[in-house]
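File shown here: query_15.cif, holding mmCIF, N, CA and C atoms.
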```cif
data_final
loop_
_atom_site.label_atom_id
_atom_site.label_comp_id
_atom_site.auth_asym_id
_atom_site.auth_seq_id
_atom_site.Cartn_x
_atom_site.Cartn_y
_atom_site.Cartn_z
N MET E 1 -87.25 126.46 136.40
CA MET E 1 -87.19 126.22 134.96
C MET E 1 -87.62 127.48 134.23
N THR E 2 -86.98 127.78 133.13
CA THR E 2 -87.31 128.97 132.37
C THR E 2 -88.47 128.69 131.43
N SER E 3 -89.17 129.74 131.08
CA SER E 3 -90.28 129.59 130.15
C SER E 3 -89.74 129.44 128.73
N VAL E 4 -90.58 128.99 127.84
CA VAL E 4 -90.18 128.82 126.45
C VAL E 4 -89.71 130.15 125.87
N ASP E 5 -90.37 131.26 126.24
CA ASP E 5 -89.98 132.57 125.72
C ASP E 5 -88.58 132.97 126.15
N GLU E 6 -88.15 132.50 127.30
CA GLU E 6 -86.83 132.85 127.81
C GLU E 6 -85.73 131.94 127.25
N GLN E 7 -86.10 130.85 126.68
CA GLN E 7 -85.11 129.93 126.14
C GLN E 7 -84.69 130.36 124.74
N LYS E 8 -83.46 130.00 124.37
CA LYS E 8 -82.98 130.28 123.02
C LYS E 8 -83.71 129.37 122.04
N ASP E 9 -83.87 129.86 120.84
CA ASP E 9 -84.43 129.05 119.77
C ASP E 9 -83.55 127.82 119.56
N LEU E 10 -84.12 126.65 119.54
CA LEU E 10 -83.38 125.40 119.43
C LEU E 10 -82.43 125.39 118.22
N LEU E 11 -82.87 125.96 117.11
CA LEU E 11 -82.04 125.99 115.91
C LEU E 11 -81.41 127.37 115.70
N GLY E 12 -81.24 128.11 116.78
CA GLY E 12 -80.62 129.44 116.68
C GLY E 12 -79.17 129.37 116.25
N HIS E 13 -78.40 128.51 116.86
CA HIS E 13 -76.98 128.33 116.51
C HIS E 13 -76.62 126.88 116.77
N VAL E 14 -76.58 126.12 115.70
CA VAL E 14 -76.31 124.69 115.83
C VAL E 14 -74.84 124.38 115.58
N LEU E 15 -74.33 123.44 116.35
CA LEU E 15 -72.99 122.91 116.13
C LEU E 15 -73.15 121.58 115.43
N VAL E 16 -72.44 121.41 114.32
CA VAL E 16 -72.58 120.22 113.50
C VAL E 16 -71.22 119.53 113.35
N PRO E 17 -71.01 118.41 114.05
CA PRO E 17 -69.76 117.67 113.87
C PRO E 17 -69.77 116.89 112.56
N VAL E 18 -68.65 116.95 111.84
CA VAL E 18 -68.51 116.19 110.60
C VAL E 18 -67.18 115.44 110.62
N ALA E 19 -67.17 114.24 110.07
CA ALA E 19 -65.98 113.39 110.10
C ALA E 19 -65.15 113.49 108.83
N ASN E 20 -65.83 113.72 107.69
CA ASN E 20 -65.14 113.73 106.40
C ASN E 20 -66.07 114.38 105.38
N PRO E 21 -65.60 114.57 104.15
CA PRO E 21 -66.45 115.23 103.14
C PRO E 21 -67.78 114.52 102.87
N LYS E 22 -67.78 113.19 102.81
CA LYS E 22 -69.03 112.46 102.55
C LYS E 22 -70.02 112.68 103.69
N ASP E 23 -69.55 112.61 104.91
CA ASP E 23 -70.38 112.87 106.09
C ASP E 23 -70.89 114.32 106.06
N ALA E 24 -70.03 115.26 105.67
CA ALA E 24 -70.41 116.67 105.61
C ALA E 24 -71.53 116.88 104.58
N GLU E 25 -71.40 116.24 103.43
CA GLU E 25 -72.42 116.38 102.38
C GLU E 25 -73.77 115.81 102.85
N ARG E 26 -73.73 114.61 103.43
CA ARG E 26 -74.96 113.97 103.91
C ARG E 26 -75.62 114.81 105.01
N THR E 27 -74.82 115.28 105.95
CA THR E 27 -75.37 116.04 107.06
C THR E 27 -75.94 117.37 106.59
N ALA E 28 -75.23 118.07 105.72
CA ALA E 28 -75.73 119.36 105.21
C ALA E 28 -77.04 119.17 104.45
N THR E 29 -77.12 118.11 103.67
CA THR E 29 -78.35 117.82 102.91
C THR E 29 -79.51 117.55 103.86
N GLN E 30 -79.25 116.80 104.92
CA GLN E 30 -80.30 116.48 105.88
C GLN E 30 -80.71 117.70 106.71
N LEU E 31 -79.75 118.59 107.00
CA LEU E 31 -80.02 119.76 107.84
C LEU E 31 -80.70 120.89 107.07
N LYS E 32 -80.45 121.00 105.80
CA LYS E 32 -80.93 122.13 104.97
C LYS E 32 -82.42 122.44 105.15
N PRO E 33 -83.33 121.47 105.14
CA PRO E 33 -84.75 121.79 105.25
C PRO E 33 -85.14 122.45 106.58
N TYR E 34 -84.30 122.33 107.60
CA TYR E 34 -84.64 122.88 108.92
C TYR E 34 -84.20 124.33 109.08
N ASN E 35 -83.40 124.83 108.15
CA ASN E 35 -83.04 126.24 108.06
C ASN E 35 -82.58 126.86 109.39
N PRO E 36 -81.50 126.33 109.98
CA PRO E 36 -81.01 126.93 111.23
C PRO E 36 -80.50 128.35 110.98
N GLU E 37 -80.60 129.19 112.01
CA GLU E 37 -80.17 130.59 111.88
C GLU E 37 -78.67 130.70 111.69
N GLU E 38 -77.90 129.98 112.50
CA GLU E 38 -76.44 130.03 112.44
C GLU E 38 -75.92 128.60 112.57
N VAL E 39 -74.84 128.31 111.83
CA VAL E 39 -74.26 126.97 111.85
C VAL E 39 -72.75 127.08 112.07
N THR E 40 -72.26 126.27 112.98
CA THR E 40 -70.81 126.09 113.13
C THR E 40 -70.53 124.61 112.89
N VAL E 41 -69.64 124.35 111.94
CA VAL E 41 -69.26 122.98 111.61
C VAL E 41 -67.94 122.69 112.32
N VAL E 42 -67.88 121.56 113.00
CA VAL E 42 -66.66 121.19 113.73
C VAL E 42 -66.13 119.86 113.23
N HIS E 43 -64.82 119.81 113.10
CA HIS E 43 -64.13 118.55 112.79
C HIS E 43 -63.16 118.33 113.94
N VAL E 44 -63.26 117.17 114.58
CA VAL E 44 -62.38 116.85 115.70
C VAL E 44 -61.29 115.91 115.20
N VAL E 45 -60.05 116.33 115.42
CA VAL E 45 -58.90 115.49 115.12
C VAL E 45 -58.61 114.72 116.39
N GLU E 46 -58.79 113.39 116.29
CA GLU E 46 -58.61 112.55 117.47
C GLU E 46 -57.12 112.35 117.73
N LYS E 47 -56.72 112.70 118.95
CA LYS E 47 -55.32 112.60 119.36
C LYS E 47 -55.12 111.32 120.18
N GLY E 48 -53.95 110.72 120.04
CA GLY E 48 -53.62 109.53 120.80
C GLY E 48 -53.26 109.90 122.24
N ASP E 49 -53.48 108.99 123.14
CA ASP E 49 -53.17 109.20 124.55
C ASP E 49 -51.74 108.74 124.81
N GLY E 50 -50.78 109.57 124.42
CA GLY E 50 -49.38 109.21 124.58
C GLY E 50 -48.87 108.32 123.47
N ALA E 51 -49.76 107.89 122.60
CA ALA E 51 -49.39 107.04 121.46
C ALA E 51 -49.38 107.91 120.21
N PRO E 52 -48.79 107.41 119.14
CA PRO E 52 -48.83 108.19 117.89
C PRO E 52 -50.27 108.48 117.48
N ASP E 53 -50.48 109.62 116.86
CA ASP E 53 -51.82 109.99 116.41
C ASP E 53 -52.31 108.99 115.37
N LYS E 54 -53.65 108.86 115.30
CA LYS E 54 -54.25 107.90 114.38
C LYS E 54 -53.94 108.25 112.93
N THR E 55 -53.92 109.54 112.62
CA THR E 55 -53.58 110.00 111.28
C THR E 55 -52.63 111.18 111.41
N PRO E 56 -51.78 111.42 110.42
CA PRO E 56 -50.90 112.59 110.47
C PRO E 56 -51.74 113.88 110.54
N VAL E 57 -51.25 114.84 111.31
CA VAL E 57 -51.99 116.09 111.52
C VAL E 57 -52.30 116.79 110.20
N GLU E 58 -51.35 116.84 109.29
CA GLU E 58 -51.59 117.51 108.00
C GLU E 58 -52.70 116.82 107.22
N HIS E 59 -52.75 115.50 107.28
CA HIS E 59 -53.83 114.77 106.61
C HIS E 59 -55.17 115.12 107.26
N SER E 60 -55.20 115.15 108.57
CA SER E 60 -56.44 115.49 109.29
C SER E 60 -56.91 116.89 108.94
N LYS E 61 -55.98 117.83 108.85
CA LYS E 61 -56.34 119.21 108.48
C LYS E 61 -56.90 119.26 107.06
N SER E 62 -56.33 118.46 106.17
CA SER E 62 -56.82 118.40 104.79
C SER E 62 -58.24 117.84 104.73
N VAL E 63 -58.49 116.78 105.50
CA VAL E 63 -59.84 116.20 105.56
C VAL E 63 -60.83 117.24 106.08
N ALA E 64 -60.42 117.99 107.10
CA ALA E 64 -61.30 119.02 107.67
C ALA E 64 -61.60 120.09 106.62
N ARG E 65 -60.58 120.56 105.91
CA ARG E 65 -60.81 121.60 104.88
C ARG E 65 -61.77 121.11 103.81
N GLU E 66 -61.59 119.87 103.36
CA GLU E 66 -62.48 119.31 102.34
C GLU E 66 -63.91 119.17 102.87
N ALA E 67 -64.04 118.74 104.12
CA ALA E 67 -65.37 118.59 104.72
C ALA E 67 -66.05 119.96 104.82
N TYR E 68 -65.32 120.97 105.25
CA TYR E 68 -65.90 122.32 105.36
C TYR E 68 -66.33 122.83 103.99
N SER E 69 -65.48 122.65 103.01
CA SER E 69 -65.80 123.10 101.65
C SER E 69 -67.07 122.43 101.14
N THR E 70 -67.19 121.14 101.38
CA THR E 70 -68.38 120.39 100.97
C THR E 70 -69.61 120.89 101.71
N PHE E 71 -69.51 121.07 103.02
CA PHE E 71 -70.64 121.53 103.82
C PHE E 71 -71.09 122.92 103.38
N LYS E 72 -70.13 123.78 103.05
CA LYS E 72 -70.44 125.17 102.69
C LYS E 72 -71.14 125.29 101.34
N MET E 73 -71.20 124.22 100.58
CA MET E 73 -71.99 124.27 99.34
C MET E 73 -73.47 124.43 99.69
N ALA E 74 -73.90 123.87 100.81
CA ALA E 74 -75.29 124.00 101.26
C ALA E 74 -75.46 125.18 102.22
N PHE E 75 -74.42 125.47 103.02
CA PHE E 75 -74.47 126.55 104.02
C PHE E 75 -73.24 127.43 103.85
N PRO E 76 -73.26 128.34 102.86
CA PRO E 76 -72.07 129.14 102.57
C PRO E 76 -71.59 130.02 103.72
N ASP E 77 -72.47 130.39 104.62
CA ASP E 77 -72.10 131.27 105.73
C ASP E 77 -71.72 130.50 107.00
N ALA E 78 -71.61 129.19 106.91
CA ALA E 78 -71.30 128.39 108.10
C ALA E 78 -69.92 128.74 108.64
N ASN E 79 -69.83 128.81 109.96
CA ASN E 79 -68.54 128.97 110.63
C ASN E 79 -67.88 127.60 110.65
N THR E 80 -66.55 127.58 110.72
CA THR E 80 -65.83 126.31 110.82
C THR E 80 -64.92 126.33 112.03
N HIS E 81 -64.71 125.15 112.59
CA HIS E 81 -63.88 125.04 113.79
C HIS E 81 -63.23 123.66 113.81
N THR E 82 -61.92 123.64 113.85
CA THR E 82 -61.19 122.39 113.98
C THR E 82 -60.64 122.33 115.40
N ASP E 83 -60.81 121.21 116.05
CA ASP E 83 -60.29 121.05 117.41
C ASP E 83 -59.63 119.69 117.53
N TYR E 84 -58.84 119.55 118.57
CA TYR E 84 -58.05 118.34 118.78
C TYR E 84 -58.36 117.79 120.16
N GLY E 85 -58.52 116.46 120.27
CA GLY E 85 -58.79 115.90 121.57
C GLY E 85 -58.73 114.38 121.56
N ARG E 86 -58.49 113.82 122.75
CA ARG E 86 -58.48 112.36 122.89
C ARG E 86 -59.89 111.81 122.91
N ASP E 87 -60.81 112.56 123.49
CA ASP E 87 -62.21 112.15 123.61
C ASP E 87 -63.04 113.00 122.66
N VAL E 88 -63.47 112.44 121.56
CA VAL E 88 -64.18 113.19 120.52
C VAL E 88 -65.46 113.82 121.06
N VAL E 89 -66.24 113.05 121.82
CA VAL E 89 -67.50 113.57 122.35
C VAL E 89 -67.26 114.72 123.31
N GLU E 90 -66.31 114.57 124.20
CA GLU E 90 -65.99 115.66 125.14
C GLU E 90 -65.53 116.91 124.38
N THR E 91 -64.75 116.72 123.34
CA THR E 91 -64.28 117.84 122.54
C THR E 91 -65.44 118.53 121.85
N ILE E 92 -66.38 117.77 121.31
CA ILE E 92 -67.56 118.36 120.67
C ILE E 92 -68.37 119.17 121.68
N THR E 93 -68.61 118.62 122.86
CA THR E 93 -69.40 119.35 123.85
C THR E 93 -68.67 120.59 124.33
N ASN E 94 -67.34 120.54 124.42
CA ASN E 94 -66.58 121.73 124.80
C ASN E 94 -66.69 122.81 123.73
N VAL E 95 -66.61 122.42 122.47
CA VAL E 95 -66.75 123.39 121.38
C VAL E 95 -68.16 123.99 121.39
N ALA E 96 -69.17 123.16 121.64
CA ALA E 96 -70.54 123.67 121.71
C ALA E 96 -70.66 124.76 122.77
N SER E 97 -70.02 124.54 123.89
CA SER E 97 -70.02 125.54 124.96
C SER E 97 -69.26 126.79 124.53
N ASP E 98 -68.10 126.60 123.92
CA ASP E 98 -67.26 127.73 123.50
C ASP E 98 -67.96 128.64 122.49
N VAL E 99 -68.74 128.04 121.58
CA VAL E 99 -69.41 128.85 120.55
C VAL E 99 -70.84 129.21 120.94
N ASP E 100 -71.24 128.79 122.14
CA ASP E 100 -72.59 129.06 122.66
C ASP E 100 -73.68 128.51 121.75
N ALA E 101 -73.49 127.26 121.32
CA ALA E 101 -74.46 126.60 120.45
C ALA E 101 -75.74 126.31 121.22
N THR E 102 -76.87 126.44 120.54
CA THR E 102 -78.16 126.13 121.16
C THR E 102 -78.45 124.64 121.11
N ALA E 103 -77.79 123.93 120.18
CA ALA E 103 -77.99 122.48 120.05
C ALA E 103 -76.83 121.90 119.26
N ILE E 104 -76.62 120.62 119.44
CA ILE E 104 -75.66 119.86 118.64
C ILE E 104 -76.50 119.02 117.68
N VAL E 105 -76.21 119.13 116.40
CA VAL E 105 -76.99 118.42 115.38
C VAL E 105 -76.06 117.48 114.62
N PHE E 106 -76.46 116.23 114.48
CA PHE E 106 -75.60 115.30 113.77
C PHE E 106 -76.42 114.34 112.93
N SER E 107 -75.72 113.73 112.00
CA SER E 107 -76.30 112.69 111.15
C SER E 107 -75.68 111.38 111.58
N SER E 108 -76.51 110.41 111.88
CA SER E 108 -76.01 109.11 112.30
C SER E 108 -75.16 108.51 111.20
N ARG E 109 -74.05 107.96 111.59
CA ARG E 109 -73.14 107.36 110.61
C ARG E 109 -73.43 105.88 110.42
N GLY E 110 -74.43 105.39 111.13
CA GLY E 110 -74.84 104.00 110.94
C GLY E 110 -73.83 103.01 111.48
N GLY E 111 -73.78 101.87 110.86
CA GLY E 111 -72.90 100.79 111.34
C GLY E 111 -73.70 99.82 112.18
N ASN E 112 -73.24 98.58 112.21
CA ASN E 112 -73.98 97.60 112.98
C ASN E 112 -73.66 97.75 114.48
N ARG E 113 -74.41 97.07 115.30
CA ARG E 113 -74.28 97.18 116.76
C ARG E 113 -72.90 96.78 117.26
N ILE E 114 -72.30 95.77 116.65
CA ILE E 114 -70.97 95.34 117.11
C ILE E 114 -69.93 96.42 116.83
N VAL E 115 -69.99 97.04 115.65
CA VAL E 115 -69.07 98.12 115.32
C VAL E 115 -69.28 99.29 116.29
N GLN E 116 -70.54 99.62 116.57
CA GLN E 116 -70.82 100.71 117.50
C GLN E 116 -70.28 100.38 118.89
N PHE E 117 -70.46 99.15 119.33
CA PHE E 117 -69.97 98.74 120.64
C PHE E 117 -68.44 98.84 120.72
N LEU E 118 -67.77 98.34 119.70
CA LEU E 118 -66.30 98.35 119.69
C LEU E 118 -65.75 99.77 119.59
N ALA E 119 -66.48 100.65 118.92
CA ALA E 119 -66.04 102.04 118.77
C ALA E 119 -66.44 102.89 119.98
N GLY E 120 -67.15 102.30 120.92
CA GLY E 120 -67.54 103.06 122.11
C GLY E 120 -68.86 103.78 121.94
N ASP E 121 -69.55 103.55 120.86
CA ASP E 121 -70.84 104.17 120.57
C ASP E 121 -70.88 105.64 120.96
N ARG E 122 -70.21 106.44 120.18
CA ARG E 122 -70.13 107.89 120.42
C ARG E 122 -71.50 108.55 120.40
N THR E 123 -72.41 108.03 119.60
CA THR E 123 -73.75 108.60 119.53
C THR E 123 -74.42 108.54 120.90
N LEU E 124 -74.39 107.38 121.52
CA LEU E 124 -75.00 107.22 122.83
C LEU E 124 -74.34 108.14 123.85
N LYS E 125 -73.03 108.21 123.82
CA LYS E 125 -72.30 109.07 124.75
C LYS E 125 -72.66 110.54 124.53
N LEU E 126 -72.75 110.97 123.27
CA LEU E 126 -73.10 112.36 122.98
C LEU E 126 -74.49 112.69 123.49
N VAL E 127 -75.44 111.82 123.22
CA VAL E 127 -76.83 112.06 123.63
C VAL E 127 -76.98 112.07 125.15
N THR E 128 -76.23 111.22 125.83
CA THR E 128 -76.41 111.11 127.28
C THR E 128 -75.53 112.06 128.09
N GLU E 129 -74.46 112.57 127.50
CA GLU E 129 -73.54 113.41 128.27
C GLU E 129 -73.52 114.88 127.90
N ALA E 130 -74.14 115.26 126.80
CA ALA E 130 -74.12 116.66 126.38
C ALA E 130 -74.89 117.54 127.36
N ASP E 131 -74.46 118.79 127.47
CA ASP E 131 -75.11 119.74 128.37
C ASP E 131 -76.12 120.63 127.66
N ARG E 132 -76.49 120.24 126.45
CA ARG E 132 -77.49 120.98 125.66
C ARG E 132 -78.21 119.99 124.77
N PRO E 133 -79.30 120.39 124.14
CA PRO E 133 -80.04 119.44 123.28
C PRO E 133 -79.16 118.87 122.17
N VAL E 134 -79.39 117.61 121.88
CA VAL E 134 -78.70 116.93 120.79
C VAL E 134 -79.78 116.44 119.83
N ILE E 135 -79.63 116.81 118.57
CA ILE E 135 -80.64 116.48 117.56
C ILE E 135 -80.03 115.52 116.55
N ALA E 136 -80.63 114.34 116.43
CA ALA E 136 -80.22 113.37 115.41
C ALA E 136 -81.11 113.57 114.19
N LEU E 137 -80.51 113.89 113.08
CA LEU E 137 -81.27 114.12 111.85
C LEU E 137 -81.79 112.79 111.31
N PRO E 138 -82.99 112.79 110.75
CA PRO E 138 -83.52 111.56 110.20
C PRO E 138 -82.73 111.14 108.97
N LEU E 139 -82.57 109.83 108.81
CA LEU E 139 -81.84 109.33 107.66
C LEU E 139 -82.61 109.63 106.38
N VAL E 140 -81.86 109.96 105.35
CA VAL E 140 -82.44 110.25 104.04
C VAL E 140 -81.91 109.19 103.08
N GLU E 141 -82.80 108.63 102.27
CA GLU E 141 -82.38 107.63 101.28
C GLU E 141 -81.39 108.27 100.33
N GLU E 142 -80.30 107.55 100.03
CA GLU E 142 -79.28 108.07 99.10
C GLU E 142 -79.54 107.56 97.72
#
```
Show me, as structure tokens, the structure contained in the file I just sent.
Amino acid sequence: MTSVDEQKDLLGHVLVPVANPKDAERTATQLKPYNPEEVTVVHVVEKGDGAPDKTPVEHSKSVAREAYSTFKMAFPDANTHTDYGRDVVETITNVASDVDATAIVFSSRGGNRIVQFLAGDRTLKLVTEADRPVIALPLVEE
């Protein structure tokens, strides 16, 4: 095991997945007080497995652009990355590796347990399958 001095700063380069502009605004607001050194914002366009895509690609690209623009109001120097994949969590972890992120930081999107179960509970999968630290930001009253 490496010593703390040999490890990268946890908030040195964070990867922040965002789903839409509202999610981007909430996440940026929650992340701002922690002042990460570098931020890469990722939007994953979920692709169908041989079936038609859930949303048209142009619409997905538009949502990503709006989310990035919203996030950059709080973090103007944030890098942006759009990726495509059938498995959103796997795509996020691959992007984290590609950009050499020190941690994946996200804001819980909430929802009741049944909705989380039916959606496959991506939060649980991200926390248990990522190859680097995953940080869940504390909820902030809106």
field: Point-to-point distance in Å for atom C of Ser108 in chain E and CA of Leu31 in chain E
entry: 12.7 Å
message: Taking 2 positions as the minimum chain separation for residues in the same chain, which residues sit within 8 Å of Thr27 in chain E when counting only N, CA and C atoms? Answer as a ChimeraX atom specification.
response: /E:17-18,21-25,29-32,71,105-108,137
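Of all the residues in range 5-87 of chain E, the ones DSSP labels as strand (DSSP E or B) from the backbone are His13, Val14, Leu15, Val16, Pro17, Glu38, Val39, Thr40, Val41, Val42, His43, Val44, Val45, Glu46, Asn79, Thr80, His81, Thr82, Asp83, Tyr84 and Gly85 of chain E.
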task: Can you turn the PyMOL selection byres (((chain E and resi 86 and name CA) around 9) and name CA) into a concrete residue list for this file, as a list in words?
output: Val45, Glu46, Lys47, Gly48, Asp49, Tyr84, Gly85, Asp87, Val88, Glu90 and Thr91 of chain E
- request: Write out as a PyMOL selection string which residues come within 12 Å of Ala96 in chain E when counting only C-alpha atoms, dropping same-chain ones fewer than 2 positions away.
  value: chain E and resi 13-17+39-42+81+83+89-94+98-105+126+130-134
- request: Could you please determine the separation between CA of Lys61 in chain E and CA of Asn20 in chain E in Å, to one decimal place?
  value: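 According to the coordinates, CA of Lys61 in chain E and CA of Asn20 in chain E are separated by 10.6 Å.
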- prompt: What does the distance between CA of Asp121 in chain E and CA of Met73 in chain E come to in Å, to one decimal place?
  reply: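 Spanning CA of Asp121 in chain E to CA of Met73 in chain E is a straight-line distance of 29.3 Å.
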Surrounding residues of Val63 in chain E excluding itself and chain neighbours under 3 positions, 10 Å, only C-alpha atoms, as a PyMOL selection string: chain E and resi 19-21+43+45+57-60+66-69
Using all atoms of range 96-109 of chain E that appear in the file, construct an axis-aligned enclosing box with 6 Å of padding on every side and provide its centre coordinates and edge lengths in Å, rounded to one decimal, as lines of an AutoDock Vina configuration file.
```
center_x = -72.9
center_y = 117.5
center_z = 117.7
size_x = 23.2
size_y = 35.3
size_z = 26.5
```
